[in-house]
Amino acid sequence: MLPLGVLLRLARRHVVYDAHEHVRFSIGSRDYLPRAVRRIFARSAWLFEQFVSRLGAHVIAATPTIASQFPTGRCTVVGNYPNLVEFEDALSDSIHRNTTTGVYIGGLSEERCLEEVYEALDIVRRSDDRLTLVMAGPVDGVEHPADIKGVDYRGVVDRPTVARLIAGSAFGLVLFHALPNTIDALPTKFFEYTAAGTPVIVSASTVQLARIAEEEGCGLVVDQESPQAIADAMTWMVDHPGEARAMGERARQATVDKYHWGPEATRLLDLYDRLLDT
């Protein structure tokens with residue numbers, strides 16, 4: 001799409017480039033490519049992004065860290081936060097929160113610590129087989145969750161179902177290995193958990209998420225490389241339902257106060273208005 005953006009700018013059209021990740025780091029982390037090829041592709045992608053932004057395209061960045069790669073006057077941060085309306089029905093009194101069920105929604109892959117989660121679940125269930133992990137999302141490169149004891153795999157589900165699954169769980173998992181593209185990431189799934197009033201178990205490697213979880217008191221931060229640490233956190237959530245519920249309430253309040261789509265939508269529409277006026 002970037003080459004099309006160049007052509008549109010040359011035709012004096014307004015172009016908005018949506019930057020949701022560090023493209024250079026993302027390409028650089030793809031182990032299936034030879035190291036030299038990764039370096040060339042990553043560097044080329046970064047240079048092309050810079051060229052497009054300096055040609056006059058306006059960049060919308062999902063995080064401040066991504067925004068720091070682009071010229072200040074041509075970049076606006078618009079957080080990819082959830083729409084609170086989507087969670088209103090799920091938070092109704094008719095939804096029962098199961099205190100022995102955790103949830104893992106989104107891409108299910110090695111990068112997102114699925115192998116460690118499987119092992120952690122096995123550790124917990126050796127002494128307490130009450131715990132079930134509900135998983136939903138596409139599976140990529142790991143043992144299929146439907147084959148794991150203690151996992152209730154729902155496949156790829158629609159957004160209302162996502163909201164209900166999250167709101168009905170005692171905790172949500174947001175885990176990533178320490179990769180250049182994930183350290184400062186702010187994945188939407190974290191904020192969908194908090195929007196539903198569900199406390200989080202988050203990897204220490206995702207520095208920004210770990211900071212939010214600790215500052216807001218809405219979750220536990222774990223060593224994502226340690227199945228035992230993940231198991232201990234899941235056990236704590238199950239064994240301390242009252243404290244976990246209080247974490248979830250703080251999570252919901254933080255989302256209402258700071259991390260929802262309303263202000264971001266206003267900022268985005270204001271940007272479009274400014275561009276159309278020029």
# chains A, B, ... in the order shown; residues from 1 in each chain; ligands from 1
>>> residues_around(residues="stretch 76-87 of chain A", least_positions_apart="6", cutoff="6 Å", atoms="only C-alpha atoms", output="JSON, numbers by chain")
{"A": [60, 61, 62, 163, 188, 192, 259, 260, 261, 264]}
>>> residues_around(residues="stretch 136-140 of chain A", least_positions_apart="6", cutoff="7 Å", atoms="only C-alpha atoms", output="list in words")
Tyr104, Ile105, Gly106, Gly107, Leu108, Ser109, Tyr153, Arg154, Gly155, Val156 and Val157 of chain A
>>> write_last_selection(atoms="N, CA and C atoms", output="mmCIF file, in the first residue's frame")
data_model
loop_
_atom_site.group_PDB
_atom_site.id
_atom_site.type_symbol
_atom_site.label_atom_id
_atom_site.label_comp_id
_atom_site.auth_asym_id
_atom_site.auth_seq_id
_atom_site.Cartn_x
_atom_site.Cartn_y
_atom_site.Cartn_z
ATOM 1 N N TYR A 104 -7.879 -16.662 27.143
ATOM 2 C CA TYR A 104 -6.785 -16.224 26.264
ATOM 3 C C TYR A 104 -7.385 -16.023 24.878
ATOM 4 N N ILE A 105 -7.542 -14.755 24.492
ATOM 5 C CA ILE A 105 -8.187 -14.403 23.227
ATOM 6 C C ILE A 105 -7.159 -13.795 22.281
ATOM 7 N N GLY A 106 -7.275 -14.113 20.994
ATOM 8 C CA GLY A 106 -6.399 -13.505 19.991
ATOM 9 C C GLY A 106 -5.557 -14.550 19.295
ATOM 10 N N GLY A 107 -4.523 -14.096 18.589
ATOM 11 C CA GLY A 107 -3.638 -15.018 17.900
ATOM 12 C C GLY A 107 -2.968 -15.962 18.880
ATOM 13 N N LEU A 108 -3.027 -17.254 18.601
ATOM 14 C CA LEU A 108 -2.464 -18.280 19.479
ATOM 15 C C LEU A 108 -1.210 -18.821 18.805
ATOM 16 N N SER A 109 -0.048 -18.347 19.260
ATOM 17 C CA SER A 109 1.197 -18.647 18.561
ATOM 18 C C SER A 109 2.346 -18.784 19.550
ATOM 19 N N TYR A 153 -11.398 -24.728 23.725
ATOM 20 C CA TYR A 153 -11.113 -23.924 22.532
ATOM 21 C C TYR A 153 -12.399 -23.639 21.772
ATOM 22 N N ARG A 154 -12.666 -22.349 21.513
ATOM 23 C CA ARG A 154 -13.919 -21.934 20.877
ATOM 24 C C ARG A 154 -13.762 -21.564 19.403
ATOM 25 N N GLY A 155 -12.555 -21.674 18.862
ATOM 26 C CA GLY A 155 -12.355 -21.297 17.468
ATOM 27 C C GLY A 155 -12.220 -19.797 17.304
ATOM 28 N N VAL A 156 -12.492 -19.323 16.099
ATOM 29 C CA VAL A 156 -12.482 -17.881 15.816
ATOM 30 C C VAL A 156 -13.911 -17.381 15.987
ATOM 31 N N VAL A 157 -14.108 -16.446 16.903
ATOM 32 C CA VAL A 157 -15.464 -16.031 17.280
ATOM 33 C C VAL A 157 -15.680 -14.557 16.964
#
>>> select_by_dssp(residues="stretch 152-183 of chain A", states="strand (DSSP E or B)", output="VMD selection string")
chain A and resid 152 to 153 169 to 174
>>> write_last_selection(atoms="N, CA and C atoms", output="mmCIF file, in the first residue's frame")
data_model
loop_
_atom_site.group_PDB
_atom_site.id
_atom_site.type_symbol
_atom_site.label_atom_id
_atom_site.label_comp_id
_atom_site.auth_asym_id
_atom_site.auth_seq_id
_atom_site.Cartn_x
_atom_site.Cartn_y
_atom_site.Cartn_z
ATOM 1 N N ASP A 152 -10.576 -25.096 26.782
ATOM 2 C CA ASP A 152 -11.868 -25.064 26.083
ATOM 3 C C ASP A 152 -11.699 -24.134 24.883
ATOM 4 N N TYR A 153 -11.398 -24.728 23.725
ATOM 5 C CA TYR A 153 -11.113 -23.924 22.532
ATOM 6 C C TYR A 153 -12.399 -23.639 21.772
ATOM 7 N N SER A 169 -14.886 -14.580 32.679
ATOM 8 C CA SER A 169 -13.676 -15.249 33.155
ATOM 9 C C SER A 169 -13.067 -14.542 34.356
ATOM 10 N N ALA A 170 -12.302 -15.302 35.128
ATOM 11 C CA ALA A 170 -11.672 -14.763 36.338
ATOM 12 C C ALA A 170 -10.453 -13.919 36.024
ATOM 13 N N PHE A 171 -9.792 -14.207 34.904
ATOM 14 C CA PHE A 171 -8.592 -13.460 34.522
ATOM 15 C C PHE A 171 -8.333 -13.657 33.038
ATOM 16 N N GLY A 172 -7.527 -12.760 32.470
ATOM 17 C CA GLY A 172 -7.127 -12.863 31.074
ATOM 18 C C GLY A 172 -5.616 -12.872 30.949
ATOM 19 N N LEU A 173 -5.110 -13.621 29.996
ATOM 20 C CA LEU A 173 -3.669 -13.739 29.756
ATOM 21 C C LEU A 173 -3.256 -12.888 28.565
ATOM 22 N N VAL A 174 -2.200 -12.081 28.759
ATOM 23 C CA VAL A 174 -1.604 -11.297 27.667
ATOM 24 C C VAL A 174 -0.097 -11.486 27.775
#
>>> residues_around(residues="A:Val221", least_positions_apart="2", cutoff="6 Å", atoms="only C-alpha atoms", output="PyMOL selection string")
chain A and resi 201-204+210
>>> residues_around(residues="A:Ala185", least_positions_apart="5", cutoff="9 Å", atoms="only C-alpha atoms", output="PDB file with C-alpha atoms, in the first residue's frame")
ATOM      1  CA  GLU A  21       3.653  -1.734  14.518  1.00  0.00           C
ATOM      2  CA  ALA A  62      -0.875   3.301  17.563  1.00  0.00           C
ATOM      3  CA  THR A  63       1.661   4.060  20.318  1.00  0.00           C
ATOM      4  CA  THR A  65       6.980   4.661  20.644  1.00  0.00           C
ATOM      5  CA  THR A 206       5.829  -6.012  27.495  1.00  0.00           C
ATOM      6  CA  VAL A 207       7.129  -3.056  29.451  1.00  0.00           C
ATOM      7  CA  GLN A 208       4.255  -0.641  28.840  1.00  0.00           C
ATOM      8  CA  LEU A 209       1.554  -3.189  29.684  1.00  0.00           C
TER       9      LEU A 209
END
>>> closest_residue(among="A:Asp277, A:Glu116, A:Asp89, A:Glu249", to="A:Gly219", atoms="only C-alpha atoms")
A:Glu249
>>> residues_around(residues="A:Pro199", least_positions_apart="3", cutoff="12 Å", atoms="only C-alpha atoms", output="PyMOL selection string")
chain A and resi 97+99+102-103+166-174+190-196+202+212-214+216-221+233-234+236-238+240-255
>>> write_last_selection(atoms="N, CA and C atoms", output="short mmCIF file (atom, residue, chain, number, x, y, z; two decimals), in the first residue's frame")
data_model
loop_
_atom_site.label_atom_id
_atom_site.label_comp_id
_atom_site.auth_asym_id
_atom_site.auth_seq_id
_atom_site.Cartn_x
_atom_site.Cartn_y
_atom_site.Cartn_z
N ARG A 97 -19.48 -14.53 36.20
CA ARG A 97 -18.02 -14.62 36.10
C ARG A 97 -17.56 -15.90 36.80
N THR A 99 -15.10 -18.14 38.51
CA THR A 99 -13.86 -17.86 39.24
C THR A 99 -12.78 -18.91 39.01
N GLY A 102 -9.98 -19.05 33.20
CA GLY A 102 -9.19 -17.97 32.61
C GLY A 102 -9.47 -17.89 31.13
N VAL A 103 -9.01 -16.82 30.50
CA VAL A 103 -9.30 -16.63 29.08
C VAL A 103 -8.05 -16.15 28.35
N ILE A 166 -14.70 -12.93 27.76
CA ILE A 166 -13.82 -12.19 28.66
C ILE A 166 -14.54 -11.84 29.95
N ALA A 167 -15.77 -11.32 29.83
CA ALA A 167 -16.52 -10.90 31.01
C ALA A 167 -16.89 -12.06 31.91
N GLY A 168 -16.91 -13.27 31.37
CA GLY A 168 -17.27 -14.44 32.16
C GLY A 168 -16.09 -15.15 32.79
N SER A 169 -14.89 -14.58 32.68
CA SER A 169 -13.68 -15.25 33.16
C SER A 169 -13.07 -14.54 34.36
N ALA A 170 -12.30 -15.30 35.13
CA ALA A 170 -11.67 -14.76 36.34
C ALA A 170 -10.45 -13.92 36.02
N PHE A 171 -9.79 -14.21 34.90
CA PHE A 171 -8.59 -13.46 34.52
C PHE A 171 -8.33 -13.66 33.04
N GLY A 172 -7.53 -12.76 32.47
CA GLY A 172 -7.13 -12.86 31.07
C GLY A 172 -5.62 -12.87 30.95
N LEU A 173 -5.11 -13.62 30.00
CA LEU A 173 -3.67 -13.74 29.76
C LEU A 173 -3.26 -12.89 28.57
N VAL A 174 -2.20 -12.08 28.76
CA VAL A 174 -1.60 -11.30 27.67
C VAL A 174 -0.10 -11.49 27.77
N PHE A 190 -5.35 -6.51 25.67
CA PHE A 190 -5.16 -6.11 27.07
C PHE A 190 -6.29 -5.20 27.52
N PHE A 191 -6.60 -4.22 26.69
CA PHE A 191 -7.61 -3.23 27.06
C PHE A 191 -9.03 -3.79 26.90
N GLU A 192 -9.20 -4.81 26.08
CA GLU A 192 -10.50 -5.48 26.03
C GLU A 192 -10.74 -6.25 27.32
N TYR A 193 -9.70 -6.88 27.85
CA TYR A 193 -9.83 -7.53 29.15
C TYR A 193 -10.22 -6.52 30.22
N THR A 194 -9.49 -5.41 30.27
CA THR A 194 -9.77 -4.42 31.32
C THR A 194 -11.13 -3.76 31.12
N ALA A 195 -11.55 -3.56 29.87
CA ALA A 195 -12.87 -2.99 29.61
C ALA A 195 -13.98 -3.87 30.16
N ALA A 196 -13.74 -5.17 30.19
CA ALA A 196 -14.72 -6.12 30.70
C ALA A 196 -14.59 -6.33 32.20
N VAL A 202 0.10 -10.50 32.81
CA VAL A 202 0.81 -9.89 31.69
C VAL A 202 2.30 -10.17 31.80
N ILE A 212 1.33 -0.41 33.21
CA ILE A 212 -0.09 -0.10 33.43
C ILE A 212 -0.69 -1.04 34.47
N ALA A 213 -0.40 -2.34 34.35
CA ALA A 213 -0.95 -3.31 35.29
C ALA A 213 -0.54 -3.00 36.72
N GLU A 214 0.72 -2.59 36.90
CA GLU A 214 1.21 -2.30 38.24
C GLU A 214 0.68 -0.96 38.74
N GLU A 216 -2.04 0.68 37.88
CA GLU A 216 -3.48 0.68 38.08
C GLU A 216 -3.92 -0.41 39.06
N GLY A 217 -3.00 -1.29 39.43
CA GLY A 217 -3.36 -2.38 40.34
C GLY A 217 -4.39 -3.31 39.75
N CYS A 218 -4.26 -3.58 38.45
CA CYS A 218 -5.30 -4.35 37.76
C CYS A 218 -4.81 -5.70 37.24
N GLY A 219 -3.64 -6.16 37.71
CA GLY A 219 -3.17 -7.44 37.23
C GLY A 219 -1.86 -7.86 37.85
N LEU A 220 -1.37 -9.01 37.42
CA LEU A 220 -0.11 -9.56 37.89
C LEU A 220 0.88 -9.59 36.73
N VAL A 221 2.14 -9.25 37.02
CA VAL A 221 3.21 -9.26 36.03
C VAL A 221 4.07 -10.49 36.27
N ALA A 233 0.65 -17.41 39.06
CA ALA A 233 -0.26 -16.28 38.89
C ALA A 233 -1.69 -16.76 38.65
N MET A 234 -1.85 -17.79 37.83
CA MET A 234 -3.19 -18.32 37.58
C MET A 234 -3.78 -18.90 38.87
N TRP A 236 -3.09 -17.99 41.91
CA TRP A 236 -3.44 -16.87 42.79
C TRP A 236 -4.80 -16.30 42.42
N MET A 237 -5.05 -16.12 41.13
CA MET A 237 -6.33 -15.57 40.69
C MET A 237 -7.49 -16.47 41.11
N VAL A 238 -7.31 -17.78 41.01
CA VAL A 238 -8.38 -18.72 41.38
C VAL A 238 -8.56 -18.77 42.89
N HIS A 240 -7.87 -16.44 45.13
CA HIS A 240 -8.18 -15.16 45.76
C HIS A 240 -9.25 -14.43 44.94
N PRO A 241 -10.46 -14.99 44.87
CA PRO A 241 -11.49 -14.40 44.01
C PRO A 241 -11.88 -12.98 44.40
N GLY A 242 -11.90 -12.68 45.69
CA GLY A 242 -12.26 -11.33 46.11
C GLY A 242 -11.24 -10.30 45.67
N GLU A 243 -9.96 -10.60 45.86
CA GLU A 243 -8.92 -9.68 45.44
C GLU A 243 -8.85 -9.58 43.91
N ALA A 244 -9.06 -10.71 43.25
CA ALA A 244 -9.08 -10.68 41.78
C ALA A 244 -10.23 -9.82 41.28
N ARG A 245 -11.38 -9.92 41.94
CA ARG A 245 -12.54 -9.10 41.55
C ARG A 245 -12.23 -7.61 41.73
N ALA A 246 -11.55 -7.28 42.83
CA ALA A 246 -11.17 -5.87 43.06
C ALA A 246 -10.20 -5.39 41.99
N MET A 247 -9.27 -6.26 41.58
CA MET A 247 -8.38 -5.92 40.47
C MET A 247 -9.17 -5.62 39.21
N GLY A 248 -10.17 -6.47 38.95
CA GLY A 248 -11.00 -6.28 37.77
C GLY A 248 -11.77 -4.97 37.81
N GLU A 249 -12.25 -4.59 38.98
CA GLU A 249 -12.97 -3.32 39.11
C GLU A 249 -12.04 -2.14 38.82
N ARG A 250 -10.80 -2.24 39.32
CA ARG A 250 -9.83 -1.18 39.02
C ARG A 250 -9.48 -1.16 37.54
N ALA A 251 -9.42 -2.35 36.94
CA ALA A 251 -9.15 -2.43 35.49
C ALA A 251 -10.24 -1.72 34.70
N ARG A 252 -11.47 -1.99 35.05
CA ARG A 252 -12.60 -1.36 34.35
C ARG A 252 -12.56 0.16 34.53
N GLN A 253 -12.31 0.62 35.75
CA GLN A 253 -12.30 2.06 36.00
C GLN A 253 -11.18 2.74 35.23
N ALA A 254 -10.01 2.13 35.18
CA ALA A 254 -8.89 2.71 34.43
C ALA A 254 -9.23 2.82 32.95
N THR A 255 -9.94 1.83 32.43
CA THR A 255 -10.32 1.86 31.01
C THR A 255 -11.34 2.96 30.75
#
>>> select_by_dssp(residues="stretch 160-212 of chain A", states="alpha helix (DSSP H)", output="number ranges by chain")
A: 160-167, 188-195, 207-212
>>> residues_around(residues="A:Leu275", least_positions_apart="5", cutoff="10 Å", atoms="only C-alpha atoms", output="list in words")
His14, Val15, Val16, His58, Leu269 and Asp270 of chain A
